[in-house]
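Asks: Below you'll find the structure I mean.
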Amino acid sequence: MLKTFSLLGLTCLMSVGVFAQNPALIPVPSKANYPKGAYALNKSLILAGPKNDALTTSYANLTDKLTRIAGRKVQWLYDQSSVASLAAIRFRLNTTPDPALGNEGYQLISDVKGVQISANKPAGLFYGIQTLLQLLPKEIESTQAVSGVVWKVPYANITDTPRFAWRGMMLDVARHFFTKEEVKRFIDEMVAYKYNVLHFHLTDDEGWRLEIKSLPNLTNKGAWNVKKEGHFTSFSKPLPDEPRTYGGFYTQEDIKELIKYGQERFVNIMPEIDVPGHSMAAIASYPELSCTPEAVNYQVISGEPFIDWSHGHPEALQDNTLCPANEKVYTFLDKVMGEVSSLFPFEYIHMGGDECPKNYWDKNPQILAMRKELGLKNSQEVQAHFVRKLEKIITSKGKRMMGWDEILEGGGLPKNTAVMSWRGMDGGIQAAKDGHEVVMTPNNHVYIDLMQGDKAIEPPVYKILRLRDSYAFNPVPAGVDAKLVKGGQANLWSEQLFNYRHLQYMTYPRSFAVAEALWSEPANRNWDNFVGRVEAHMARFDVAQKKYAPSMYEPIIDVKRNVNGEIVVQLSTEISGLTIHYSFDHSFPDQFYPEAKGSVTVPKDATVMKIITYRGNKAMGRTIDLTVADMIKRVKK
């Protein structure tokens, strides 16, 4: 009897144990069934497929896994002969395209004859290979040869196509620089889950990361700041004698190499040059781009506070904006966008446009004069004027402009401009109603730099975004024309990312959830089933020695006072099947300690509550130390 992976085939009633009978694929395929049995990979394997330059790297990477890790001897045949039809793994580009598969879809059949993957385009075969790798035992993720594994592919009949064409991840390399090799690694990790756009955030207050040959100071000075360790945005102000040697940049040859690397993996790279705000690195390099005289003394920010957010909007303590009333700014941007457009083949250039402080603009004589001359009512309209001028520059280079949802403010946004909605969905909804194409990136679902669990244990950021929040992401809200929603992406800002291992911790497993929201149809998605598959991929990450967050196992904590004034801790879990145990005596609780079922009243003299989750006799989450002092702060807040 076939086990069907479809709308109703995998329901929330399915336990992790039952789920283990089916392959744990992320994202979940459009249609799949899994007959009983598996195809064993012999020690010597023949692989056959069309000889196609676009697939050279895909074939090579699969061969490397099978030979170096699985110890198979692999021979390739690049034809459709009768011998090739007997190959263990066969790839086929459809001579007559299957309309149901489109440009990125594929069909994978694994049976007694072996494995066949067919598609209309090379991209489809590439995504079929990613699924094939997930069908293989988890040990295929090892970095070195493994023994004692039965290498087999479960029988399967999968037809799979993406829901959205734009399946992006944003990597911020401006706040903290990541090397070219680390960016390549990031691309490899994202394509394993069928992402296809890398949004490359290349400039900000803390660094300019792209070589612009006509403006050498952008990297000679703008790429470097003072190394600080601790909590970003609360660092001490750098002293004049502290060395500005922390950072880096990509040469134009580096960028060409990264673009080629992405293309070989069917990833488009979109550059972001964030203006007119977030521009301190540019201003420190070329102070004449500012309207503020003291800009001649500005330095690249090193993580010290320089924006006041207490008003609900950004108020700059130092003017980090390009001056929209200064023609030198547009000459600068013409040079920058000219070199950027010649480097990046992708059709879009992202111009940022977010979080632009306007308190300096509101009192600047140049800008006030420009407002009067052009009839601009306020600083929002000043920014809209800037955006329109920049759009003409970008369009003149043969590209389309995209920006964060603030570019809607002030009106008059050119229709050809696409909008990336980050402050929830509202900006995207408005943009679509105005006829703009939209990429949904709402911070309440896809900002994977936010805390993943309780702040008592997570590296501190300003907000919590749990795995379940990411899994609830639906890029097409009610009432929006779906044709205008290009897709969505997970955004990874790097203020608090000091190294690649922590980058992985923040990215996984939440990027699994976003990947499924962008690839899989809503009818095929189910939270409880997803959790089981996440656990299987955590096991694969263990083999690969990749880092991930265990936060989904840790409790959701809510602190209140009861009518008697006592502190009460409400504990619940994000996933099912866990028990929560606690102590107030400073000892470490295990499964034999009291179980929290609902609310726990804190004893009068307690100073700390230790909390841990179990599944049966196995500890699942980390021990959380919740101090009573912290509880009191939470109650007051």
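Chain labels A, B, ... are given in the sequence in which chains occur in the structure tokens; within each chain residues are numbered consecutively from 1, and ligands are likewise numbered from 1 in the order shown.
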Counting only C-alpha atoms, what is within 10 Å of region 403-406 of chain A, bar same-chain residues fewer than 3 positions away, as a ChimeraX atom specification?
Replies: /A:272-275,348-356,380,383-384,387,409-410,417-428,430-431,438-441
Asks: Quick one: pick out all strand (DSSP E) residues within region 483-599 of chain A from a backbone DSSP run and write them as a compact mmCIF listing (two decimals) with N, CA and C atoms, in the first residue's frame.
Replies:
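Writing done, so here's part_19.txt:
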```txt
# COMPACT_ATOMS: atom_id res chain seq x y z
N VAL A 485 3.05 39.37 -6.03
CA VAL A 485 3.95 38.91 -4.97
C VAL A 485 4.97 37.96 -5.58
N LYS A 486 6.18 38.45 -5.72
CA LYS A 486 7.23 37.66 -6.36
C LYS A 486 7.68 36.49 -5.49
N GLY A 487 7.53 36.66 -4.17
CA GLY A 487 7.95 35.64 -3.22
C GLY A 487 8.35 36.28 -1.91
N GLY A 488 9.34 35.72 -1.26
CA GLY A 488 9.77 36.25 0.03
C GLY A 488 11.18 35.82 0.34
N GLN A 489 11.65 36.18 1.53
CA GLN A 489 13.00 35.78 1.91
C GLN A 489 13.19 35.90 3.41
N ALA A 490 14.17 35.14 3.89
CA ALA A 490 14.62 35.23 5.28
C ALA A 490 15.74 36.26 5.34
N ASN A 491 15.69 37.16 6.32
CA ASN A 491 16.69 38.22 6.44
C ASN A 491 17.58 37.98 7.65
N LEU A 492 18.88 37.99 7.40
CA LEU A 492 19.86 37.74 8.46
C LEU A 492 20.75 38.97 8.62
N ILE A 556 8.25 28.34 26.52
CA ILE A 556 7.78 29.72 26.40
C ILE A 556 7.42 30.18 27.80
N ILE A 557 7.98 31.31 28.21
CA ILE A 557 7.86 31.77 29.60
C ILE A 557 7.07 33.07 29.65
N ASP A 558 6.07 33.09 30.51
CA ASP A 558 5.29 34.30 30.74
C ASP A 558 5.21 34.53 32.25
N VAL A 559 5.51 35.74 32.70
CA VAL A 559 5.56 36.04 34.13
C VAL A 559 4.50 37.08 34.48
N LYS A 560 3.74 36.79 35.52
CA LYS A 560 2.70 37.72 35.98
C LYS A 560 2.66 37.72 37.51
N ARG A 561 1.80 38.56 38.06
CA ARG A 561 1.50 38.52 39.50
C ARG A 561 0.04 38.10 39.65
N ILE A 567 4.49 36.23 42.49
CA ILE A 567 4.95 36.05 41.12
C ILE A 567 4.55 34.67 40.64
N VAL A 568 3.96 34.62 39.45
CA VAL A 568 3.52 33.36 38.86
C VAL A 568 4.19 33.21 37.49
N VAL A 569 4.79 32.05 37.28
CA VAL A 569 5.45 31.76 36.00
C VAL A 569 4.59 30.79 35.22
N GLN A 570 4.16 31.22 34.04
CA GLN A 570 3.38 30.37 33.14
C GLN A 570 4.34 29.75 32.13
N LEU A 571 4.37 28.41 32.06
CA LEU A 571 5.28 27.70 31.17
C LEU A 571 4.50 26.86 30.16
N SER A 572 4.88 26.96 28.90
CA SER A 572 4.28 26.14 27.86
C SER A 572 5.38 25.77 26.86
N THR A 579 7.80 17.49 28.44
CA THR A 579 7.44 17.85 29.81
C THR A 579 8.44 18.89 30.31
N ILE A 580 7.98 19.75 31.24
CA ILE A 580 8.82 20.83 31.77
C ILE A 580 9.05 20.57 33.25
N HIS A 581 10.31 20.60 33.67
CA HIS A 581 10.66 20.34 35.07
C HIS A 581 11.46 21.52 35.61
N TYR A 582 11.37 21.73 36.94
CA TYR A 582 11.95 22.95 37.49
C TYR A 582 12.42 22.72 38.93
N SER A 583 13.26 23.66 39.38
CA SER A 583 13.68 23.70 40.78
C SER A 583 13.81 25.15 41.22
N GLY A 598 1.17 24.17 33.54
CA GLY A 598 0.47 25.45 33.65
C GLY A 598 1.29 26.43 34.46
N SER A 599 0.68 27.01 35.49
CA SER A 599 1.32 28.07 36.27
C SER A 599 2.07 27.51 37.47
```
Asks: Which one of A:Ile26, A:Met552, A:Ile109, A:Leu626 sits closest to Tyr193 (chain A) if you count only C-alpha atoms?
Replies: A:Ile26
Asks: Give me the region 254-331 of chain A side of the contact with region 167-189 of chain A, cut-off 8 Å, one line per residue showing its nearest atom pair and distance in Å at one decimal, counting only C-alpha atoms, sorted by chain and residue number, as CSV.
Replies:
```
residue,atom,partner,partner_atom,distance
A:Asp254,CA,A:Lys180,CA,7.0
A:Leu258,CA,A:Lys184,CA,6.9
A:Tyr261,CA,A:Lys184,CA,7.2
A:Gly262,CA,A:Ile187,CA,6.9
A:Arg265,CA,A:Asp188,CA,7.9
A:Val267,CA,A:Ile187,CA,7.8
```
Asks: Kindly export the residues of the current selection with N, CA, C and O atoms, as a PDB file, in the first residue's frame.
Replies:
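Saved result, result_31.pdb, follows:
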```
ATOM      1  N   ASP A 254      36.567  39.341  -6.740  1.00  0.00           N
ATOM      2  CA  ASP A 254      35.861  38.497  -5.758  1.00  0.00           C
ATOM      3  C   ASP A 254      34.380  38.393  -6.116  1.00  0.00           C
ATOM      4  O   ASP A 254      33.787  37.308  -6.059  1.00  0.00           O
ATOM      5  N   LEU A 258      32.096  35.158  -6.921  1.00  0.00           N
ATOM      6  CA  LEU A 258      30.892  34.788  -6.173  1.00  0.00           C
ATOM      7  C   LEU A 258      29.673  34.671  -7.091  1.00  0.00           C
ATOM      8  O   LEU A 258      28.839  33.771  -6.910  1.00  0.00           O
ATOM      9  N   TYR A 261      29.946  31.441  -8.833  1.00  0.00           N
ATOM     10  CA  TYR A 261      29.669  30.369  -7.871  1.00  0.00           C
ATOM     11  C   TYR A 261      28.160  30.222  -7.668  1.00  0.00           C
ATOM     12  O   TYR A 261      27.628  29.117  -7.632  1.00  0.00           O
ATOM     13  N   GLY A 262      27.477  31.354  -7.528  1.00  0.00           N
ATOM     14  CA  GLY A 262      26.034  31.307  -7.383  1.00  0.00           C
ATOM     15  C   GLY A 262      25.352  30.773  -8.628  1.00  0.00           C
ATOM     16  O   GLY A 262      24.444  29.935  -8.546  1.00  0.00           O
ATOM     17  N   ARG A 265      25.043  27.222  -9.071  1.00  0.00           N
ATOM     18  CA  ARG A 265      24.092  26.619  -8.132  1.00  0.00           C
ATOM     19  C   ARG A 265      22.704  27.247  -8.273  1.00  0.00           C
ATOM     20  O   ARG A 265      21.892  27.151  -7.378  1.00  0.00           O
ATOM     21  N   VAL A 267      21.666  30.316  -8.262  1.00  0.00           N
ATOM     22  CA  VAL A 267      21.399  31.409  -7.331  1.00  0.00           C
ATOM     23  C   VAL A 267      21.723  32.735  -8.013  1.00  0.00           C
ATOM     24  O   VAL A 267      22.821  32.911  -8.560  1.00  0.00           O
TER      25      VAL A 267
END
```
Asks: Residues near Phe584 (chain A), anyone? I mean within 8 Å using only C-alpha atoms, not counting same-chain ones fewer than 6 positions away, as a VMD selection string.
Replies: chain A and resid 603 606 to 610
Asks: Taking the DSSP assignment computed from this structure's backbone, write out as a PyMOL selection string all residues of region 175-368 of chain A that belong to helix (DSSP H, G or I).
Replies: chain A and resi 180-191+217-220+252-263+280-285+287-289+293-297+327-343+361-363+365-368
Asks: Kindly give the distance, in Å, that separates CA of Gln252 (chain A) and CA of Ile212 (chain A), rounded to a single decimal.
Replies: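 Calculated distance between CA of Gln252 (chain A) and CA of Ile212 (chain A) is 7.9 Å.
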Asks: Go through region 189-286 of chain A residue by residue and, counting only C-alpha atoms, keep those with an atom at most 10 Å from region 303-318 of chain A; for each kept residue give the shortest atom pair and its distance in Å to one decimal, ordered by chain and increasing number, as JSON lines.
Replies:
```
{"residue": "A:Asp205", "atom": "CA", "partner": "A:Gly303", "partner_atom": "CA", "distance": 9.0}
{"residue": "A:Glu206", "atom": "CA", "partner": "A:Gly303", "partner_atom": "CA", "distance": 7.2}
{"residue": "A:Asn225", "atom": "CA", "partner": "A:Gly303", "partner_atom": "CA", "distance": 9.2}
{"residue": "A:Val226", "atom": "CA", "partner": "A:Gly303", "partner_atom": "CA", "distance": 8.9}
{"residue": "A:Lys227", "atom": "CA", "partner": "A:Gly303", "partner_atom": "CA", "distance": 9.0}
{"residue": "A:Lys228", "atom": "CA", "partner": "A:Gly303", "partner_atom": "CA", "distance": 7.5}
{"residue": "A:Glu229", "atom": "CA", "partner": "A:Gly303", "partner_atom": "CA", "distance": 9.4}
{"residue": "A:Gly230", "atom": "CA", "partner": "A:Gly303", "partner_atom": "CA", "distance": 9.7}
{"residue": "A:His231", "atom": "CA", "partner": "A:Gly303", "partner_atom": "CA", "distance": 8.4}
{"residue": "A:Phe232", "atom": "CA", "partner": "A:Gly303", "partner_atom": "CA", "distance": 5.1}
{"residue": "A:Thr233", "atom": "CA", "partner": "A:Gly303", "partner_atom": "CA", "distance": 4.7}
{"residue": "A:Ser234", "atom": "CA", "partner": "A:Glu304", "partner_atom": "CA", "distance": 5.5}
{"residue": "A:Phe235", "atom": "CA", "partner": "A:Glu304", "partner_atom": "CA", "distance": 4.5}
{"residue": "A:Ser236", "atom": "CA", "partner": "A:Glu304", "partner_atom": "CA", "distance": 5.7}
{"residue": "A:Lys237", "atom": "CA", "partner": "A:Glu304", "partner_atom": "CA", "distance": 5.5}
{"residue": "A:Pro238", "atom": "CA", "partner": "A:Glu304", "partner_atom": "CA", "distance": 7.9}
{"residue": "A:Gly277", "atom": "CA", "partner": "A:Ala316", "partner_atom": "CA", "distance": 9.8}
{"residue": "A:Met280", "atom": "CA", "partner": "A:Gln318", "partner_atom": "CA", "distance": 8.8}
```
Asks: I'd like to know which of A:Lys36, A:Arg533, A:Lys389, A:Lys213 is closest to Thr251 (chain A), using only C-alpha atoms.
Replies: A:Lys213
Asks: Find, counting only C-alpha atoms, the residue in A:Val461, A:Ala88, A:Ala472, A:Ala513 that gets nearest to Leu497 (chain A).
Replies: A:Val461
Asks: Hey, can you check how far CA of Ala145 (chain A) sits from CA of His537 (chain A)?
Replies: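 Interatomic distance, CA of Ala145 (chain A) to CA of His537 (chain A): 19.5 Å.
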Asks: Return the single residue from A:Asp605, A:Asp454, A:Glu264, A:Glu521 that is closest to Ser30 (chain A), with distances computed using only C-alpha atoms.
Replies: A:Glu521
